[in-house]
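**Q** Provided herewith: my_file_30.cif, mmCIF, C-alpha atoms.
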data_my_file
loop_
_atom_site.label_atom_id
_atom_site.label_comp_id
_atom_site.auth_asym_id
_atom_site.auth_seq_id
_atom_site.Cartn_x
_atom_site.Cartn_y
_atom_site.Cartn_z
CA MET A 1 2.32 -80.10 16.75
CA GLU A 2 5.80 -78.78 17.40
CA ILE A 3 7.55 -75.49 17.97
CA GLU A 4 11.23 -74.72 17.73
CA PHE A 5 12.74 -72.32 20.25
CA TRP A 6 15.66 -70.47 18.69
CA TYR A 7 17.83 -68.74 21.26
CA GLU A 8 21.15 -66.95 21.79
CA PHE A 9 22.75 -66.89 25.22
CA ALA A 10 23.63 -63.18 25.05
CA SER A 11 20.00 -62.24 24.33
CA THR A 12 18.15 -60.66 27.23
CA TYR A 13 14.59 -61.52 26.23
CA SER A 14 15.67 -65.11 25.57
CA TYR A 15 16.20 -65.47 29.34
CA PRO A 16 12.53 -65.26 30.45
CA ALA A 17 11.58 -67.20 27.32
CA ALA A 18 13.99 -70.04 28.13
CA MET A 19 12.74 -70.22 31.69
CA ARG A 20 9.09 -70.71 30.67
CA VAL A 21 9.10 -72.29 27.21
CA GLU A 22 9.18 -75.92 28.35
CA SER A 23 6.30 -75.65 30.81
CA ALA A 24 4.27 -73.51 28.39
CA ALA A 25 4.75 -76.01 25.56
CA LYS A 26 3.84 -78.90 27.85
CA ALA A 27 0.69 -77.12 29.02
CA ALA A 28 -0.27 -76.53 25.39
CA GLY A 29 0.46 -80.14 24.41
CA VAL A 30 3.06 -78.98 21.88
CA THR A 31 6.42 -80.69 21.33
CA LEU A 32 9.41 -78.43 21.88
CA ARG A 33 12.75 -78.39 20.06
CA TRP A 34 15.62 -76.35 21.51
CA ARG A 35 17.69 -74.64 18.81
CA PRO A 36 20.69 -72.61 19.99
CA PHE A 37 22.25 -70.30 17.40
CA LEU A 38 24.44 -67.21 17.18
CA LEU A 39 23.17 -63.69 16.63
CA GLY A 40 26.66 -62.27 16.03
CA PRO A 41 26.87 -63.26 12.34
CA ILE A 42 23.31 -62.03 11.74
CA PHE A 43 23.91 -58.67 13.41
CA GLY A 44 27.28 -58.39 11.67
CA ALA A 45 25.63 -58.81 8.27
CA GLN A 46 23.37 -55.86 9.20
CA GLY A 47 26.40 -53.71 9.95
CA TRP A 48 26.15 -54.05 13.74
CA ASN A 49 29.29 -55.02 15.67
CA ASP A 50 27.53 -54.71 19.04
CA SER A 51 24.09 -55.31 20.51
CA PRO A 52 21.48 -52.93 19.08
CA PHE A 53 20.65 -52.18 22.72
CA ASN A 54 24.13 -50.68 23.07
CA ILE A 55 24.17 -49.03 19.64
CA TYR A 56 20.81 -47.32 20.29
CA PRO A 57 20.91 -46.10 23.91
CA ALA A 58 17.22 -45.10 24.21
CA LYS A 59 16.23 -48.59 23.09
CA GLY A 60 18.75 -50.12 25.50
CA LYS A 61 17.55 -48.08 28.46
CA TYR A 62 13.97 -49.10 27.70
CA MET A 63 14.88 -52.78 27.29
CA TRP A 64 16.43 -53.00 30.78
CA CYS A 65 13.32 -51.38 32.32
CA ASP A 66 11.06 -53.70 30.34
CA MET A 67 13.14 -56.74 31.31
CA ALA A 68 12.92 -55.71 34.98
CA ARG A 69 9.12 -55.60 34.74
CA ILE A 70 8.95 -58.94 32.90
CA CYS A 71 11.31 -60.72 35.28
CA GLU A 72 9.50 -59.31 38.31
CA GLY A 73 6.21 -60.55 36.90
CA ALA A 74 7.70 -63.98 36.23
CA GLY A 75 9.42 -64.26 39.61
CA LEU A 76 12.86 -64.28 37.98
CA THR A 77 15.97 -62.64 39.42
CA LEU A 78 17.56 -60.07 37.09
CA LYS A 79 20.98 -58.62 37.84
CA ALA A 80 23.15 -56.58 35.47
CA PRO A 81 25.43 -59.09 33.69
CA VAL A 82 29.18 -58.89 34.14
CA ARG A 83 29.18 -57.41 30.64
CA PHE A 84 26.57 -56.95 27.94
CA PRO A 85 26.38 -58.66 25.62
CA GLN A 86 28.31 -61.64 26.91
CA ASN A 87 30.06 -63.99 24.50
CA GLY A 88 27.83 -67.07 24.34
CA LEU A 89 29.81 -68.99 21.73
CA LYS A 90 31.17 -71.76 23.97
CA ALA A 91 27.85 -72.13 25.78
CA ALA A 92 26.05 -72.40 22.45
CA ARG A 93 28.41 -75.14 21.27
CA LEU A 94 27.62 -77.10 24.43
CA ALA A 95 23.87 -76.43 24.15
CA LEU A 96 24.02 -77.72 20.60
CA LEU A 97 25.47 -81.01 21.88
CA GLY A 98 22.59 -81.17 24.31
CA GLN A 99 19.75 -79.93 22.13
CA ASP A 100 18.35 -83.42 21.54
CA GLU A 101 19.53 -84.82 24.88
CA ALA A 102 17.70 -84.91 28.20
CA TRP A 103 20.18 -82.48 29.78
CA GLY A 104 20.01 -79.75 27.11
CA ALA A 105 17.05 -77.85 28.55
CA ALA A 106 18.40 -77.78 32.09
CA PHE A 107 21.85 -76.73 30.86
CA THR A 108 20.31 -73.91 28.83
CA ARG A 109 18.33 -72.58 31.78
CA ARG A 110 21.39 -72.74 34.03
CA VAL A 111 23.46 -70.73 31.55
CA TYR A 112 20.76 -68.04 31.36
CA LEU A 113 20.64 -67.86 35.14
CA ALA A 114 24.45 -67.59 35.26
CA ASN A 115 24.31 -64.70 32.76
CA PHE A 116 21.31 -62.70 33.95
CA ALA A 117 20.79 -63.66 37.60
CA GLU A 118 24.19 -64.73 38.98
CA GLN A 119 26.64 -62.30 37.35
CA LYS A 120 28.86 -65.08 36.10
CA ASP A 121 31.04 -64.99 33.00
CA ILE A 122 29.43 -67.48 30.63
CA SER A 123 32.37 -67.30 28.22
CA ASP A 124 34.51 -68.86 30.97
CA GLU A 125 34.96 -72.60 30.42
CA CYS A 126 35.23 -73.12 34.19
CA VAL A 127 31.78 -71.62 34.71
CA LEU A 128 30.35 -73.88 32.01
CA ALA A 129 32.15 -76.91 33.42
CA GLY A 130 30.64 -76.11 36.84
CA ILE A 131 27.15 -76.09 35.35
CA LEU A 132 27.71 -79.38 33.51
CA SER A 133 29.11 -81.03 36.64
CA SER A 134 26.20 -79.81 38.75
CA LEU A 135 23.92 -81.63 36.29
CA GLY A 136 25.87 -84.84 36.85
CA LEU A 137 27.55 -84.72 33.44
CA ASP A 138 31.15 -85.35 32.41
CA ALA A 139 32.22 -81.75 31.87
CA GLY A 140 35.65 -82.53 30.43
CA GLU A 141 34.32 -84.92 27.83
CA LEU A 142 31.48 -82.60 26.76
CA ILE A 143 33.69 -79.53 26.53
CA ALA A 144 36.17 -81.47 24.40
CA ARG A 145 33.38 -82.64 22.10
CA SER A 146 31.90 -79.15 21.93
CA ASN A 147 35.23 -77.78 20.70
CA ALA A 148 35.67 -80.43 18.02
CA PRO A 149 35.67 -79.05 14.45
CA GLU A 150 32.52 -80.96 13.47
CA ASN A 151 30.55 -79.42 16.35
CA LYS A 152 31.85 -75.93 15.57
CA ASP A 153 30.74 -76.44 11.97
CA ARG A 154 27.38 -77.74 13.09
CA LEU A 155 26.72 -74.50 15.01
CA LYS A 156 27.60 -72.50 11.90
CA VAL A 157 25.18 -74.60 9.86
CA GLN A 158 22.47 -74.12 12.48
CA THR A 159 23.00 -70.34 12.37
CA GLU A 160 22.81 -70.44 8.57
CA GLU A 161 19.55 -72.35 8.88
CA ALA A 162 18.23 -69.60 11.17
CA ILE A 163 19.05 -66.95 8.56
CA ALA A 164 17.57 -69.03 5.73
CA ARG A 165 14.33 -69.39 7.68
CA GLY A 166 13.99 -65.65 8.25
CA ILE A 167 15.28 -65.35 11.81
CA PHE A 168 16.82 -61.94 12.61
CA GLY A 169 16.65 -61.79 16.41
CA ALA A 170 16.18 -63.83 19.56
CA PRO A 171 14.23 -65.42 20.98
CA SER A 172 12.39 -66.67 17.91
CA PHE A 173 9.83 -69.43 17.64
CA LEU A 174 9.05 -71.42 14.53
CA ALA A 175 5.81 -73.34 14.13
CA GLY A 176 6.56 -75.05 10.85
CA ASP A 177 7.61 -72.13 8.64
CA GLU A 178 5.62 -69.55 10.64
CA LEU A 179 7.99 -67.24 12.48
CA PHE A 180 7.31 -65.53 15.82
CA TRP A 181 9.83 -63.12 17.29
CA GLY A 182 10.11 -62.23 20.94
CA ASN A 183 9.36 -63.66 24.36
CA ASP A 184 5.93 -62.03 24.12
CA ARG A 185 5.04 -64.10 21.05
CA LEU A 186 5.44 -67.53 22.70
CA GLU A 187 1.71 -67.90 23.30
CA ALA A 188 0.90 -66.95 19.69
CA ALA A 189 3.42 -69.51 18.43
CA LEU A 190 1.88 -72.24 20.58
CA GLU A 191 -1.60 -71.31 19.37
CA TRP A 192 -0.41 -71.51 15.78
CA ALA A 193 1.19 -74.92 16.37
CA LYS A 194 -2.08 -76.24 17.81
CA ARG A 195 -4.12 -75.32 14.71
CA MET B 1 -4.95 -43.01 36.35
CA GLU B 2 -3.96 -41.93 32.86
CA ILE B 3 -1.98 -43.25 29.95
CA GLU B 4 -0.61 -41.35 27.00
CA PHE B 5 -0.72 -42.99 23.58
CA TRP B 6 2.17 -41.75 21.44
CA TYR B 7 1.74 -42.57 17.77
CA GLU B 8 3.10 -41.87 14.30
CA PHE B 9 0.86 -42.29 11.27
CA ALA B 10 3.49 -44.14 9.22
CA SER B 11 3.93 -46.75 11.96
CA THR B 12 2.40 -50.13 11.20
CA TYR B 13 1.94 -51.41 14.75
CA SER B 14 0.37 -48.05 15.72
CA TYR B 15 -2.58 -49.01 13.49
CA PRO B 16 -3.97 -51.91 15.59
CA ALA B 17 -3.02 -49.95 18.71
CA ALA B 18 -4.97 -46.87 17.60
CA MET B 19 -8.00 -48.97 16.76
CA ARG B 20 -8.23 -50.53 20.23
CA VAL B 21 -6.61 -48.10 22.66
CA GLU B 22 -9.75 -46.09 23.46
CA SER B 23 -11.97 -49.07 24.23
CA ALA B 24 -9.19 -50.80 26.17
CA ALA B 25 -8.54 -47.71 28.29
CA LYS B 26 -12.27 -47.27 28.91
CA ALA B 27 -12.61 -50.92 29.98
CA ALA B 28 -9.69 -50.45 32.37
CA GLY B 29 -11.08 -47.22 33.77
CA VAL B 30 -7.97 -45.33 32.66
CA THR B 31 -8.01 -41.85 31.11
CA LEU B 32 -6.42 -41.69 27.65
CA ARG B 33 -4.40 -38.88 26.10
CA TRP B 34 -3.67 -39.00 22.36
CA ARG B 35 -0.15 -37.76 21.54
CA PRO B 36 0.79 -37.69 17.84
CA PHE B 37 4.48 -37.19 17.09
CA LEU B 38 7.02 -37.78 14.33
CA LEU B 39 9.41 -40.71 14.16
CA GLY B 40 11.42 -39.22 11.29
CA PRO B 41 13.60 -36.94 13.46
CA ILE B 42 14.16 -39.77 15.97
CA PHE B 43 15.15 -42.29 13.31
CA GLY B 44 17.27 -39.63 11.56
CA ALA B 45 19.24 -39.05 14.76
CA GLN B 46 20.00 -42.82 14.80
CA GLY B 47 21.35 -42.63 11.25
CA TRP B 48 18.24 -44.09 9.59
CA ASN B 49 16.76 -42.24 6.63
CA ASP B 50 14.10 -44.89 6.06
CA SER B 51 11.95 -47.24 8.13
CA PRO B 52 14.04 -49.92 9.87
CA PHE B 53 11.61 -52.39 8.30
CA ASN B 54 12.96 -51.33 4.90
CA ILE B 55 16.59 -51.03 6.00
CA TYR B 56 16.55 -54.55 7.51
CA PRO B 57 14.62 -56.74 5.05
CA ALA B 58 14.32 -59.85 7.25
CA LYS B 59 12.77 -57.70 9.99
CA GLY B 60 10.46 -56.07 7.46
CA LYS B 61 9.30 -59.37 6.00
CA TYR B 62 8.55 -60.65 9.48
CA MET B 63 6.72 -57.45 10.48
CA TRP B 64 4.25 -57.73 7.58
CA CYS B 65 3.51 -61.39 8.47
CA ASP B 66 3.12 -60.48 12.13
CA MET B 67 0.87 -57.53 11.27
CA ALA B 68 -1.29 -59.82 9.11
CA ARG B 69 -1.76 -62.20 12.05
CA ILE B 70 -2.52 -59.35 14.48
CA CYS B 71 -4.99 -57.63 12.15
CA GLU B 72 -6.72 -60.92 11.38
CA GLY B 73 -7.06 -61.60 15.07
CA ALA B 74 -8.45 -58.11 15.68
CA GLY B 75 -10.83 -58.19 12.73
CA LEU B 76 -8.97 -55.36 10.99
CA THR B 77 -8.43 -55.07 7.25
CA LEU B 78 -4.76 -54.86 6.25
CA LYS B 79 -3.75 -53.96 2.70
CA ALA B 80 -0.29 -53.00 1.49
CA PRO B 81 -0.09 -49.17 1.74
CA VAL B 82 0.41 -47.12 -1.43
CA ARG B 83 3.97 -46.71 -0.18
CA PHE B 84 5.79 -47.59 3.02
CA PRO B 85 6.43 -45.64 5.05
CA GLN B 86 3.94 -42.95 4.11
CA ASN B 87 4.60 -39.33 4.99
CA GLY B 88 2.34 -38.62 7.97
CA LEU B 89 3.47 -35.04 8.62
CA LYS B 90 0.30 -33.24 7.53
CA ALA B 91 -1.92 -35.81 9.21
CA ALA B 92 0.09 -35.44 12.44
CA ARG B 93 -0.31 -31.65 12.37
CA LEU B 94 -4.07 -32.13 12.08
CA ALA B 95 -4.15 -34.82 14.78
CA LEU B 96 -2.27 -32.43 17.05
CA LEU B 97 -5.03 -29.84 16.60
CA GLY B 98 -7.50 -32.54 17.56
CA GLN B 99 -5.60 -34.27 20.36
CA ASP B 100 -7.63 -32.60 23.10
CA GLU B 101 -10.82 -32.25 21.04
CA ALA B 102 -13.70 -34.67 20.72
CA TRP B 103 -12.89 -35.37 17.05
CA GLY B 104 -9.20 -36.22 17.47
CA ALA B 105 -9.64 -39.93 18.20
CA ALA B 106 -12.01 -40.53 15.30
CA PHE B 107 -9.77 -38.57 12.92
CA THR B 108 -6.74 -40.60 14.01
CA ARG B 109 -8.49 -43.92 13.44
CA ARG B 110 -9.71 -42.77 10.01
CA VAL B 111 -6.19 -41.81 8.94
CA TYR B 112 -4.86 -45.22 10.01
CA LEU B 113 -7.62 -46.93 8.06
CA ALA B 114 -6.82 -44.76 5.02
CA ASN B 115 -3.14 -45.77 5.28
CA PHE B 116 -3.34 -49.47 6.13
CA ALA B 117 -6.79 -50.62 4.99
CA GLU B 118 -7.86 -48.33 2.15
CA GLN B 119 -4.63 -47.77 0.18
CA LYS B 120 -5.03 -44.01 0.26
CA ASP B 121 -2.24 -41.45 0.20
CA ILE B 122 -2.34 -39.85 3.65
CA SER B 123 0.14 -37.16 2.63
CA ASP B 124 -2.51 -35.86 0.19
CA GLU B 125 -4.37 -32.87 1.64
CA CYS B 126 -7.48 -33.87 -0.34
CA VAL B 127 -7.58 -37.26 1.40
CA LEU B 128 -7.23 -35.57 4.80
CA ALA B 129 -9.88 -32.98 3.89
CA GLY B 130 -12.22 -35.82 2.93
CA ILE B 131 -11.75 -37.45 6.33
CA LEU B 132 -12.34 -34.17 8.19
CA SER B 133 -15.47 -33.43 6.16
CA SER B 134 -16.84 -36.92 6.76
CA LEU B 135 -16.57 -36.17 10.48
CA GLY B 136 -18.66 -33.02 10.02
CA LEU B 137 -15.68 -30.70 10.47
CA ASP B 138 -14.63 -27.58 8.56
CA ALA B 139 -11.76 -29.09 6.58
CA GLY B 140 -10.52 -25.85 5.06
CA GLU B 141 -10.31 -24.04 8.37
CA LEU B 142 -8.59 -26.94 10.16
CA ILE B 143 -6.06 -27.51 7.37
CA ALA B 144 -5.21 -23.78 7.39
CA ARG B 145 -4.73 -23.84 11.17
CA SER B 146 -2.69 -27.05 10.98
CA ASN B 147 -0.26 -25.37 8.57
CA ALA B 148 0.17 -22.25 10.70
CA PRO B 149 3.72 -21.75 12.02
CA GLU B 150 2.65 -22.07 15.67
CA ASN B 151 1.09 -25.48 15.04
CA LYS B 152 4.13 -26.67 13.07
CA ASP B 153 6.29 -25.60 15.99
CA ARG B 154 4.00 -27.30 18.46
CA LEU B 155 4.48 -30.64 16.66
CA LYS B 156 8.25 -30.17 16.82
CA VAL B 157 8.00 -29.48 20.55
CA GLN B 158 5.82 -32.55 21.03
CA THR B 159 8.38 -34.70 19.19
CA GLU B 160 11.16 -33.22 21.34
CA GLU B 161 9.10 -34.14 24.40
CA ALA B 162 8.87 -37.71 23.11
CA ILE B 163 12.65 -37.91 22.80
CA ALA B 164 13.18 -36.32 26.22
CA ARG B 165 10.88 -38.91 27.79
CA GLY B 166 12.76 -41.84 26.26
CA ILE B 167 10.52 -42.66 23.29
CA PHE B 168 12.35 -44.28 20.36
CA GLY B 169 9.56 -46.00 18.43
CA ALA B 170 5.81 -46.20 17.97
CA PRO B 171 3.38 -46.94 19.32
CA SER B 172 4.55 -46.03 22.81
CA PHE B 173 2.52 -45.72 25.97
CA LEU B 174 3.46 -43.63 28.99
CA ALA B 175 1.93 -44.23 32.41
CA GLY B 176 3.47 -41.31 34.24
CA ASP B 177 7.17 -41.71 33.44
CA GLU B 178 6.91 -45.48 32.86
CA LEU B 179 7.44 -46.26 29.20
CA PHE B 180 5.89 -49.18 27.29
CA TRP B 181 6.78 -49.76 23.65
CA GLY B 182 4.63 -51.63 21.17
CA ASN B 183 1.02 -52.53 20.52
CA ASP B 184 1.58 -55.69 22.57
CA ARG B 185 2.42 -53.64 25.67
CA LEU B 186 -0.91 -51.77 25.87
CA GLU B 187 -2.30 -54.12 28.53
CA ALA B 188 0.86 -53.81 30.64
CA ALA B 189 0.68 -50.00 30.43
CA LEU B 190 -2.96 -50.04 31.54
CA GLU B 191 -2.12 -52.37 34.42
CA TRP B 192 0.68 -50.04 35.49
CA ALA B 193 -1.62 -47.01 35.35
CA LYS B 194 -4.14 -48.76 37.58
CA ARG B 195 -1.62 -49.43 40.36
#
What would you get if you wrote out this structure as structure tokens?

**A**
Amino acid sequence: MEIEFWYEFASTYSYPAAMRVESAAKAAGVTLRWRPFLLGPIFGAQGWNDSPFNIYPAKGKYMWCDMARICEGAGLTLKAPVRFPQNGLKAARLALLGQDEAWGAAFTRRVYLANFAEQKDISDECVLAGILSSLGLDAGELIARSNAPENKDRLKVQTEEAIARGIFGAPSFLAGDELFWGNDRLEAALEWAKR
Amino acid sequence: MEIEFWYEFASTYSYPAAMRVESAAKAAGVTLRWRPFLLGPIFGAQGWNDSPFNIYPAKGKYMWCDMARICEGAGLTLKAPVRFPQNGLKAARLALLGQDEAWGAAFTRRVYLANFAEQKDISDECVLAGILSSLGLDAGELIARSNAPENKDRLKVQTEEAIARGIFGAPSFLAGDELFWGNDRLEAALEWAKR
């Protein structure tokens, strides 16, 4: 009984999902795997060079209202990011290093808070180093490893795996091969995994 | 305490929403208004001349899997429509005539069943006449009225109202000016209306 949580740091709805996925999985008795990936290549292949929430303004306006309701209900702070979407590439490379480590989940949550609650620039290596240090980690060593060619390639491979498994947006949950898209589908994914 | 249910007959997720919205509103003690409209002009203005589920195949593949899970959970039959999306223009003109009449809700549900459970062509006036007759209505008279210029114009005005109020997809729920998009947001819309 396992679910995979596929997330992109620029993705708005991935923020409330990231903040609750670990406790929800634990409560359901389901093992959780964190899987950072990049939406940019997926959106680019669909002809989008920006977030669909910027390309389609009515959808974007709605999303921010909906996010405000969701975050209020979940007790999460939501502040307009310094830009939208932010570039989550460097953060994703670090999260990939941490995805099977004890610190990966906490790092991921801290990056989402930096983006959507603290108005910090998550593409800034200093911001990421600050988060790593606050978790008691060796920021310099991790950032160097995250920028190594093999780790860059690994993130590309992980994104290709997302595409191959049918993922087209974030957050997505996989229970085996069964795909669930959206923060609001977490419960359904956990139910499926428990079958 | 009122919600408006904005729906388009071609829309997949509007099917489970239409089948449950009346009983859910009644259980919540919230008055329900049925508001048929057309997505075609809205999608056209975004540069789409087809359903986004056809334009973006990964999204479409996911939607049909997700719909299968939702319909199974709700005890609803789901069969691949004779085509997707179907042309719901004539059905919407009829639903508009019925939106404030006692028969409107039952007609709407029957059209969704014809589209998504019974593999019928809902753009076929004979199919629509059969539904009206089965409800004890004068099909010929209603179809003639639905095709009158003033009713055609009224549907255009209703669709323009949808756009003006921020609607970009279906199903949508409005509680006052608060917009909720998607079958999975019905409960949130009802909660909002009850505040």

**Q** Per residue of chain B within 12 Å of chain A, record the nearest atom pair and its distance in Å to one decimal, counting all atoms listed in the file, with rows in chain order and ascending residue number, as a tab-separated table.

**A**
residue	atom	partner	partner_atom	distance
B:Ile42	CA	A:Ala58	CA	10.3
B:Phe43	CA	A:Tyr56	CA	10.3
B:Ala45	CA	A:Tyr56	CA	10.1
B:Gln46	CA	A:Tyr56	CA	7.1
B:Gly47	CA	A:Tyr56	CA	10.2
B:Trp48	CA	A:Tyr56	CA	11.5
B:Pro52	CA	A:Gln46	CA	11.1
B:Phe53	CA	A:Phe168	CA	11.7
B:Ile55	CA	A:Gln46	CA	8.9
B:Tyr56	CA	A:Gln46	CA	7.1
B:Pro57	CA	A:Phe168	CA	9.4
B:Ala58	CA	A:Gly166	CA	5.9
B:Lys59	CA	A:Phe168	CA	6.4
B:Gly60	CA	A:Phe168	CA	10.1
B:Lys61	CA	A:Gly166	CA	8.2
B:Tyr62	CA	A:Leu179	CA	7.3
B:Met63	CA	A:Trp181	CA	9.4
B:Trp64	CA	A:Leu179	CA	11.3
B:Cys65	CA	A:Leu179	CA	8.4
B:Asp66	CA	A:Phe180	CA	7.5
B:Met67	CA	A:Phe180	CA	11.2
B:Arg69	CA	A:Ala188	CA	9.4
B:Ile70	CA	A:Ala188	CA	9.8
B:Gly73	CA	A:Ala188	CA	10.6
B:Ala162	CA	A:Ala58	CA	11.2
B:Ile163	CA	A:Ala58	CA	8.6
B:Ala164	CA	A:Ala58	CA	9.9
B:Arg165	CA	A:Ala58	CA	9.6
B:Gly166	CA	A:Ala58	CA	5.9
B:Ile167	CA	A:Ala58	CA	7.2
B:Phe168	CA	A:Ala58	CA	6.3
B:Gly169	CA	A:Lys59	CA	8.5
B:Ala170	CA	A:Lys59	CA	11.9
B:Ser172	CA	A:Tyr62	CA	11.0
B:Leu174	CA	A:Tyr62	CA	11.9
B:Asp177	CA	A:Cys65	CA	11.5
B:Glu178	CA	A:Cys65	CA	8.7
B:Leu179	CA	A:Tyr62	CA	7.3
B:Phe180	CA	A:Asp66	CA	7.5
B:Trp181	CA	A:Tyr62	CA	8.3
B:Gly182	CA	A:Asp184	CA	10.9
B:Asn183	CA	A:Asp184	CA	11.3
B:Asp184	CA	A:Asp184	CA	7.8
B:Arg185	CA	A:Asp184	CA	9.2
B:Ala188	CA	A:Arg69	CA	9.4
B:Ala189	CA	A:Arg69	CA	11.0
B:Glu191	CA	A:Arg69	CA	11.7
B:Trp192	CA	A:Arg69	CA	10.1

**Q** Which one is closest to Lys79 (chain B): B:Ser51, B:Gly140, B:Thr12, B:Ala105? Count all atoms listed in the file.

**A**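 With all atoms listed in the file as the atom set, the closest residue is B:Thr12.
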
**Q** How far is it from CA of Tyr15 (chain A) to CA of Arg93 (chain A), in Å with one decimal?

**A**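 CA of Arg93 (chain A) lies at a distance of 17.5 Å from CA of Tyr15 (chain A).
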
**Q** Given the file above and the PyMOL selection byres ((chain A and resi 113) around 10), which residues are selected, and can you give them as a PDB file with C-alpha atoms, in the coordinates of the input?

**A**
ATOM      1  CA  TYR A  15      16.200 -65.470  29.340  1.00  0.00           C
ATOM      2  CA  PRO A  16      12.530 -65.260  30.450  1.00  0.00           C
ATOM      3  CA  ALA A  18      13.990 -70.040  28.130  1.00  0.00           C
ATOM      4  CA  MET A  19      12.740 -70.220  31.690  1.00  0.00           C
ATOM      5  CA  LEU A  76      12.860 -64.280  37.980  1.00  0.00           C
ATOM      6  CA  THR A  77      15.970 -62.640  39.420  1.00  0.00           C
ATOM      7  CA  LEU A  78      17.560 -60.070  37.090  1.00  0.00           C
ATOM      8  CA  LYS A  79      20.980 -58.620  37.840  1.00  0.00           C
ATOM      9  CA  PHE A 107      21.850 -76.730  30.860  1.00  0.00           C
ATOM     10  CA  THR A 108      20.310 -73.910  28.830  1.00  0.00           C
ATOM     11  CA  ARG A 109      18.330 -72.580  31.780  1.00  0.00           C
ATOM     12  CA  ARG A 110      21.390 -72.740  34.030  1.00  0.00           C
ATOM     13  CA  VAL A 111      23.460 -70.730  31.550  1.00  0.00           C
ATOM     14  CA  TYR A 112      20.760 -68.040  31.360  1.00  0.00           C
ATOM     15  CA  ALA A 114      24.450 -67.590  35.260  1.00  0.00           C
ATOM     16  CA  ASN A 115      24.310 -64.700  32.760  1.00  0.00           C
ATOM     17  CA  PHE A 116      21.310 -62.700  33.950  1.00  0.00           C
ATOM     18  CA  ALA A 117      20.790 -63.660  37.600  1.00  0.00           C
ATOM     19  CA  GLU A 118      24.190 -64.730  38.980  1.00  0.00           C
ATOM     20  CA  GLN A 119      26.640 -62.300  37.350  1.00  0.00           C
ATOM     21  CA  LYS A 120      28.860 -65.080  36.100  1.00  0.00           C
ATOM     22  CA  ILE A 122      29.430 -67.480  30.630  1.00  0.00           C
TER      23      ILE A 122
END

**Q** Axis-aligned box over every listed atom of region 160-163 of chain B, padded by 4 Å per side: centre and edges in Å to one decimal, as lines of an AutoDock Vina configuration file?

**A**
center_x = 10.8
center_y = -35.6
center_z = 22.9
size_x = 11.8
size_y = 12.7
size_z = 11.1

**Q** Generate the missing atoms of region 86-99 of chain A up to N, CA and C atoms and report them as a PDB file, in the frame of the given file.

**A**
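Generated file (selection_26.pdb):
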ATOM      1  N   GLN A  86      27.271 -60.647  26.653  1.00  0.00           N
ATOM      2  CA  GLN A  86      28.310 -61.640  26.910  1.00  0.00           C
ATOM      3  C   GLN A  86      28.552 -62.479  25.644  1.00  0.00           C
ATOM      4  N   ASN A  87      29.733 -63.098  25.609  1.00  0.00           N
ATOM      5  CA  ASN A  87      30.060 -63.990  24.500  1.00  0.00           C
ATOM      6  C   ASN A  87      29.508 -65.387  24.808  1.00  0.00           C
ATOM      7  N   GLY A  88      28.482 -65.794  24.063  1.00  0.00           N
ATOM      8  CA  GLY A  88      27.830 -67.070  24.340  1.00  0.00           C
ATOM      9  C   GLY A  88      28.270 -68.199  23.424  1.00  0.00           C
ATOM     10  N   LEU A  89      29.387 -67.990  22.735  1.00  0.00           N
ATOM     11  CA  LEU A  89      29.810 -68.990  21.730  1.00  0.00           C
ATOM     12  C   LEU A  89      30.040 -70.371  22.341  1.00  0.00           C
ATOM     13  N   LYS A  90      30.846 -70.439  23.386  1.00  0.00           N
ATOM     14  CA  LYS A  90      31.170 -71.760  23.970  1.00  0.00           C
ATOM     15  C   LYS A  90      29.913 -72.414  24.567  1.00  0.00           C
ATOM     16  N   ALA A  91      29.099 -71.598  25.208  1.00  0.00           N
ATOM     17  CA  ALA A  91      27.850 -72.130  25.780  1.00  0.00           C
ATOM     18  C   ALA A  91      26.936 -72.660  24.689  1.00  0.00           C
ATOM     19  N   ALA A  92      26.910 -71.951  23.550  1.00  0.00           N
ATOM     20  CA  ALA A  92      26.050 -72.400  22.450  1.00  0.00           C
ATOM     21  C   ALA A  92      26.552 -73.715  21.862  1.00  0.00           C
ATOM     22  N   ARG A  93      27.873 -73.867  21.786  1.00  0.00           N
ATOM     23  CA  ARG A  93      28.410 -75.140  21.270  1.00  0.00           C
ATOM     24  C   ARG A  93      28.021 -76.297  22.203  1.00  0.00           C
ATOM     25  N   LEU A  94      28.042 -76.058  23.491  1.00  0.00           N
ATOM     26  CA  LEU A  94      27.620 -77.100  24.430  1.00  0.00           C
ATOM     27  C   LEU A  94      26.108 -77.349  24.326  1.00  0.00           C
ATOM     28  N   ALA A  95      25.336 -76.266  24.250  1.00  0.00           N
ATOM     29  CA  ALA A  95      23.870 -76.430  24.150  1.00  0.00           C
ATOM     30  C   ALA A  95      23.508 -77.198  22.891  1.00  0.00           C
ATOM     31  N   LEU A  96      24.284 -76.997  21.836  1.00  0.00           N
ATOM     32  CA  LEU A  96      24.020 -77.720  20.600  1.00  0.00           C
ATOM     33  C   LEU A  96      24.219 -79.228  20.799  1.00  0.00           C
ATOM     34  N   LEU A  97      25.269 -79.593  21.554  1.00  0.00           N
ATOM     35  CA  LEU A  97      25.470 -81.010  21.880  1.00  0.00           C
ATOM     36  C   LEU A  97      24.277 -81.567  22.647  1.00  0.00           C
ATOM     37  N   GLY A  98      23.675 -80.701  23.453  1.00  0.00           N
ATOM     38  CA  GLY A  98      22.590 -81.170  24.310  1.00  0.00           C
ATOM     39  C   GLY A  98      21.202 -80.943  23.761  1.00  0.00           C
ATOM     40  N   GLN A  99      21.085 -80.369  22.570  1.00  0.00           N
ATOM     41  CA  GLN A  99      19.750 -79.930  22.130  1.00  0.00           C
ATOM     42  C   GLN A  99      18.758 -81.084  21.956  1.00  0.00           C
TER      43      GLN A  99
END
